Amino acid sequence: MTQASLYPGLPVSEGVAAGQLYPGDIRPGETLATPEQVAAAFASVAGERTALAERLRAGGRGDEADIVSVGARIAADPMLVGPAVAAAREGTGAAAAVEQSAAAQVAALSGLASPDLAARADDVRQVANAVLARLAGGAAPAPPDGPFILVRREVDPVDLIRFADAGLAGAVSVAGGANSHAAIIARGLGLPMLAGVDPAVLAAPAGRPAVLDAVAGRLVVDPSPRELAAAGAVRPRANGVARPAAPPRTTDGQEITLLCNVASATETRLGLAAGAAGVGLLRTEIPFTGAAGWPSEAEHRSALDPVLGLLAGRTAVVRLLDFTGDKIPPFLAGREPGLAPLLSHPRALADQLRAVLRSGRDTELSVMVPMVRTVTELAAVRAALAEAAAGTGAPLPALGMMVEVAATAVAAATFTGACDFFSVGTNDLTSEVLGLDRADPAMSPALAADPRVLALIATVATAAQAAGVGLSVCGDAAADPAVLPLLIGLGIRRFSVGAARLPQVAEWIAAADSAACATQASRALAAAGLVPGQSPRVGS
């Protein structure tokens, strides 16, 4: 009988699943590639990126061509290629030869004082991954038939969406934490997921039976027949949930609107089946995190139509591209993240807005701006939205903003005249206030209960109520049992959560008393010497 192997990890999306292991990383293993093969792989990547840069430049996309050209130059750099070829000549495996050379370059670049030069470390890693893919034949093998568990060094949100309807039962990631976007998508889909798993799991053989227990926090490869059968009998809770007849209410009659956060048609169908009134956050950037340039209007339409086509007559809040954190595509590597690149590009914003208006014509459409820091940014988007609406003949939708930057939350009252609604993004807000990276394993939605974060949300709620501006929470904290009552206590009555979490959140709402929640929120703030509407000093 085969001995079971156990790999502990951090549960970032709870659940239990059974299936075959599917290593999704494209890696040639430790085959003894010849020096010529390693050199040819670098040359192939350099040539491919040079050709892409030329096509972009010929199409008038010079800024994108310049970015792609950086990768081409790195792939041809003797300082990167030479050591890898030399290692292969000395008998080192293909993957190790490339990875060792890249690691040395990354270490050298990361220590440079210039932020621009230090940012080239990301480009080196991306080139190394492309070379590894070339050595491996350019593509990972197709996933197995039947349920499977995806194992990757860093699970990509796109992986989860792409495989959601193709047998994906769960995911295991060496990197990342509870606030990574892959974890957020996993929770929305109801997929069990572990992060922070020992890299040794990457060597586990493909096709082996496994049990992923994202409650106890472990992956068991080659489990006993009894363990395998028990895990295989577990089904995601949301799959068989009937749609509620009405929006949930607290015990004292307060009606709460529940929407879902989605990035795919699969999540949207799941959320609507579980009773969502619509979509409160459509993450438009997820399909493009691997893009080589800004998406065209046609590419946006291709991603939007399957989702918005399910939402005729329903709420659809579409967030503009949010290329930040772990969602920065190759063409923006090393550049300022967030809203600025979108606003400064001559066509990127207009292309997306036209696509949103056309794809969402039959929905109750709103457009939401991420990572807002100034009223000027909102004004620029409003002007572009008005122009796009005039050009497409579509009605002008409501314009809202994410509140996920601490300084923006403190100054919420100054934004009320420039937008129609606020939506609090608790993930990034909590990360900034507590000084934790989103990918830090210590990050979790429950940390939004910290009085410093809660006080900022209270400030936003007070400003919204005073100005008659709409307010919702779309961060993952809205689906946390410790934070949800506090948010209700602050007077928030509209939440958007992961699709698979809707039934549980509805149950929590039905068991809550809004007056008791208000008392709980006041006590939490008072314990930190604060009162609702009073903000702490940012960074305190």
# chains A, B, ... in the order shown; residues from 1 in each chain; ligands from 1
>>> select_by_dssp(residues="stretch 152-283 of chain A", states="helix (DSSP H, G or I)", output="count of residues only")
42
>>> residues_around(residues="A:Pro35", least_positions_apart="2", cutoff="6 Å", atoms="only C-alpha atoms", output="MDAnalysis selection string")
chainID A and resid 37:38 85 88:89
>>> write_last_selection(atoms="C-alpha atoms", output="PDB file, in the first residue's frame")
ATOM      1  CA  GLN A  37      18.630  23.960 -25.885  1.00  0.00           C
ATOM      2  CA  VAL A  38      18.794  26.397 -22.968  1.00  0.00           C
ATOM      3  CA  VAL A  85      23.915  28.027 -20.286  1.00  0.00           C
ATOM      4  CA  ALA A  88      23.541  23.376 -18.186  1.00  0.00           C
ATOM      5  CA  ARG A  89      27.004  22.680 -19.607  1.00  0.00           C
TER       6      ARG A  89
END
>>> residues_around(residues="stretch 318-321 of chain A", least_positions_apart="5", cutoff="8 Å", atoms="only C-alpha atoms", output="short mmCIF file (atom, residue, chain, number, x, y, z; two decimals) with N, CA and C atoms, in the first residue's frame")
data_model
loop_
_atom_site.label_atom_id
_atom_site.label_comp_id
_atom_site.auth_asym_id
_atom_site.auth_seq_id
_atom_site.Cartn_x
_atom_site.Cartn_y
_atom_site.Cartn_z
N GLY A 280 -22.59 43.11 -7.26
CA GLY A 280 -22.16 44.36 -6.64
C GLY A 280 -20.72 44.69 -6.93
N LEU A 281 -19.99 43.75 -7.53
CA LEU A 281 -18.61 43.98 -7.92
C LEU A 281 -18.25 42.99 -9.02
N LEU A 282 -18.09 43.49 -10.23
CA LEU A 282 -17.58 42.69 -11.34
C LEU A 282 -16.13 43.07 -11.55
N ARG A 283 -15.24 42.12 -11.27
CA ARG A 283 -13.80 42.35 -11.38
C ARG A 283 -13.39 42.18 -12.85
N THR A 284 -13.23 43.27 -13.56
CA THR A 284 -13.00 43.19 -15.00
C THR A 284 -11.55 42.88 -15.35
N GLU A 285 -10.63 43.03 -14.41
CA GLU A 285 -9.21 42.86 -14.74
C GLU A 285 -8.75 41.40 -14.75
N LEU A 342 -4.37 53.76 -16.29
CA LEU A 342 -5.63 53.68 -17.05
C LEU A 342 -6.07 55.07 -17.50
N GLN A 352 -12.77 50.58 -22.59
CA GLN A 352 -13.49 49.82 -21.57
C GLN A 352 -14.88 50.39 -21.33
N VAL A 356 -18.40 48.40 -21.63
CA VAL A 356 -19.29 48.24 -20.48
C VAL A 356 -20.70 48.71 -20.82
N LEU A 365 -27.24 49.18 -14.64
CA LEU A 365 -25.78 49.31 -14.70
C LEU A 365 -25.26 50.46 -13.85
N SER A 366 -24.15 50.20 -13.18
CA SER A 366 -23.35 51.23 -12.53
C SER A 366 -21.89 50.98 -12.87
N VAL A 367 -21.10 52.04 -12.91
CA VAL A 367 -19.67 51.93 -13.14
C VAL A 367 -18.95 52.36 -11.87
N MET A 368 -17.93 51.60 -11.48
CA MET A 368 -17.22 51.88 -10.23
C MET A 368 -15.73 52.06 -10.50
N VAL A 369 -15.14 53.05 -9.86
CA VAL A 369 -13.74 53.40 -10.07
C VAL A 369 -12.91 52.87 -8.90
N PRO A 370 -11.85 52.10 -9.17
CA PRO A 370 -11.04 51.56 -8.08
C PRO A 370 -9.93 52.51 -7.64
#
>>> atom_distance(atom1="atom CA of A:Pro192", atom2="atom CA of A:Leu487")
26.2 Å
>>> atom_distance(atom1="atom CA of A:Met402", atom2="atom CA of A:Gly170")
30.0 Å
>>> residues_around(residues="stretch 247-262 of chain A", least_positions_apart="5", cutoff="6 Å", atoms="only C-alpha atoms", output="PDB file with N, CA and C atoms, in the first residue's frame")
ATOM      1  N   GLU A 267     -19.326  32.159 -11.550  1.00  0.00           N
ATOM      2  CA  GLU A 267     -19.640  32.756 -10.254  1.00  0.00           C
ATOM      3  C   GLU A 267     -21.001  33.464 -10.283  1.00  0.00           C
ATOM      4  N   GLY A 271     -24.049  32.751  -7.831  1.00  0.00           N
ATOM      5  CA  GLY A 271     -24.591  33.785  -6.956  1.00  0.00           C
ATOM      6  C   GLY A 271     -26.080  34.003  -7.151  1.00  0.00           C
ATOM      7  N   ALA A 276     -28.650  36.086  -4.847  1.00  0.00           N
ATOM      8  CA  ALA A 276     -28.132  37.443  -5.018  1.00  0.00           C
ATOM      9  C   ALA A 276     -29.100  38.292  -5.830  1.00  0.00           C
ATOM     10  N   ALA A 277     -29.236  39.561  -5.443  1.00  0.00           N
ATOM     11  CA  ALA A 277     -30.082  40.482  -6.193  1.00  0.00           C
ATOM     12  C   ALA A 277     -29.392  40.968  -7.457  1.00  0.00           C
ATOM     13  N   GLY A 278     -28.145  40.629  -7.613  1.00  0.00           N
ATOM     14  CA  GLY A 278     -27.365  41.050  -8.770  1.00  0.00           C
ATOM     15  C   GLY A 278     -25.902  40.991  -8.418  1.00  0.00           C
ATOM     16  N   VAL A 279     -25.090  41.724  -9.161  1.00  0.00           N
ATOM     17  CA  VAL A 279     -23.644  41.747  -8.947  1.00  0.00           C
ATOM     18  C   VAL A 279     -23.246  43.112  -8.396  1.00  0.00           C
ATOM     19  N   GLY A 280     -22.593  43.107  -7.256  1.00  0.00           N
ATOM     20  CA  GLY A 280     -22.155  44.356  -6.635  1.00  0.00           C
ATOM     21  C   GLY A 280     -20.723  44.691  -6.929  1.00  0.00           C
ATOM     22  N   LEU A 281     -19.993  43.745  -7.530  1.00  0.00           N
ATOM     23  CA  LEU A 281     -18.609  43.977  -7.924  1.00  0.00           C
ATOM     24  C   LEU A 281     -18.252  42.985  -9.023  1.00  0.00           C
ATOM     25  N   LEU A 282     -18.086  43.489 -10.229  1.00  0.00           N
ATOM     26  CA  LEU A 282     -17.585  42.687 -11.344  1.00  0.00           C
ATOM     27  C   LEU A 282     -16.126  43.066 -11.551  1.00  0.00           C
ATOM     28  N   ARG A 493     -26.419  48.720   4.863  1.00  0.00           N
ATOM     29  CA  ARG A 493     -27.528  47.818   4.542  1.00  0.00           C
ATOM     30  C   ARG A 493     -27.384  47.176   3.153  1.00  0.00           C
ATOM     31  N   ARG A 494     -26.193  47.257   2.594  1.00  0.00           N
ATOM     32  CA  ARG A 494     -25.972  46.698   1.263  1.00  0.00           C
ATOM     33  C   ARG A 494     -24.579  46.058   1.241  1.00  0.00           C
ATOM     34  N   PHE A 495     -24.552  44.771   0.931  1.00  0.00           N
ATOM     35  CA  PHE A 495     -23.296  44.031   0.950  1.00  0.00           C
ATOM     36  C   PHE A 495     -23.157  43.210  -0.323  1.00  0.00           C
ATOM     37  N   SER A 496     -21.921  43.104  -0.807  1.00  0.00           N
ATOM     38  CA  SER A 496     -21.620  42.238  -1.937  1.00  0.00           C
ATOM     39  C   SER A 496     -20.530  41.276  -1.505  1.00  0.00           C
ATOM     40  N   VAL A 497     -20.796  39.980  -1.630  1.00  0.00           N
ATOM     41  CA  VAL A 497     -19.891  38.955  -1.097  1.00  0.00           C
ATOM     42  C   VAL A 497     -19.640  37.888  -2.156  1.00  0.00           C
ATOM     43  N   GLY A 498     -18.693  37.011  -1.887  1.00  0.00           N
ATOM     44  CA  GLY A 498     -18.423  35.900  -2.786  1.00  0.00           C
ATOM     45  C   GLY A 498     -19.666  35.057  -2.993  1.00  0.00           C
ATOM     46  N   ALA A 499     -19.874  34.611  -4.215  1.00  0.00           N
ATOM     47  CA  ALA A 499     -21.121  33.927  -4.566  1.00  0.00           C
ATOM     48  C   ALA A 499     -21.418  32.738  -3.660  1.00  0.00           C
ATOM     49  N   ALA A 506     -26.650  35.225   4.464  1.00  0.00           N
ATOM     50  CA  ALA A 506     -28.097  35.445   4.654  1.00  0.00           C
ATOM     51  C   ALA A 506     -28.551  34.884   6.005  1.00  0.00           C
ATOM     52  N   ILE A 509     -27.436  37.274   8.757  1.00  0.00           N
ATOM     53  CA  ILE A 509     -28.281  38.471   8.778  1.00  0.00           C
ATOM     54  C   ILE A 509     -29.609  38.168   9.472  1.00  0.00           C
ATOM     55  N   ALA A 510     -30.206  37.034   9.129  1.00  0.00           N
ATOM     56  CA  ALA A 510     -31.503  36.671   9.701  1.00  0.00           C
ATOM     57  C   ALA A 510     -31.429  36.462  11.210  1.00  0.00           C
ATOM     58  N   ALA A 512     -29.366  38.291  13.165  1.00  0.00           N
ATOM     59  CA  ALA A 512     -28.816  39.508  13.772  1.00  0.00           C
ATOM     60  C   ALA A 512     -29.918  40.480  14.164  1.00  0.00           C
ATOM     61  N   ASP A 513     -29.661  41.254  15.198  1.00  0.00           N
ATOM     62  CA  ASP A 513     -30.531  42.349  15.620  1.00  0.00           C
ATOM     63  C   ASP A 513     -29.768  43.646  15.388  1.00  0.00           C
TER      64      ASP A 513
END
>>> atom_distance(atom1="atom CA of A:Ala87", atom2="atom CA of A:Ala41")
14.5 Å
>>> closest_residue(among="A:Ala204, A:Leu490, A:Val375, A:Pro481", to="A:Ala518", atoms="only C-alpha atoms")
A:Leu490
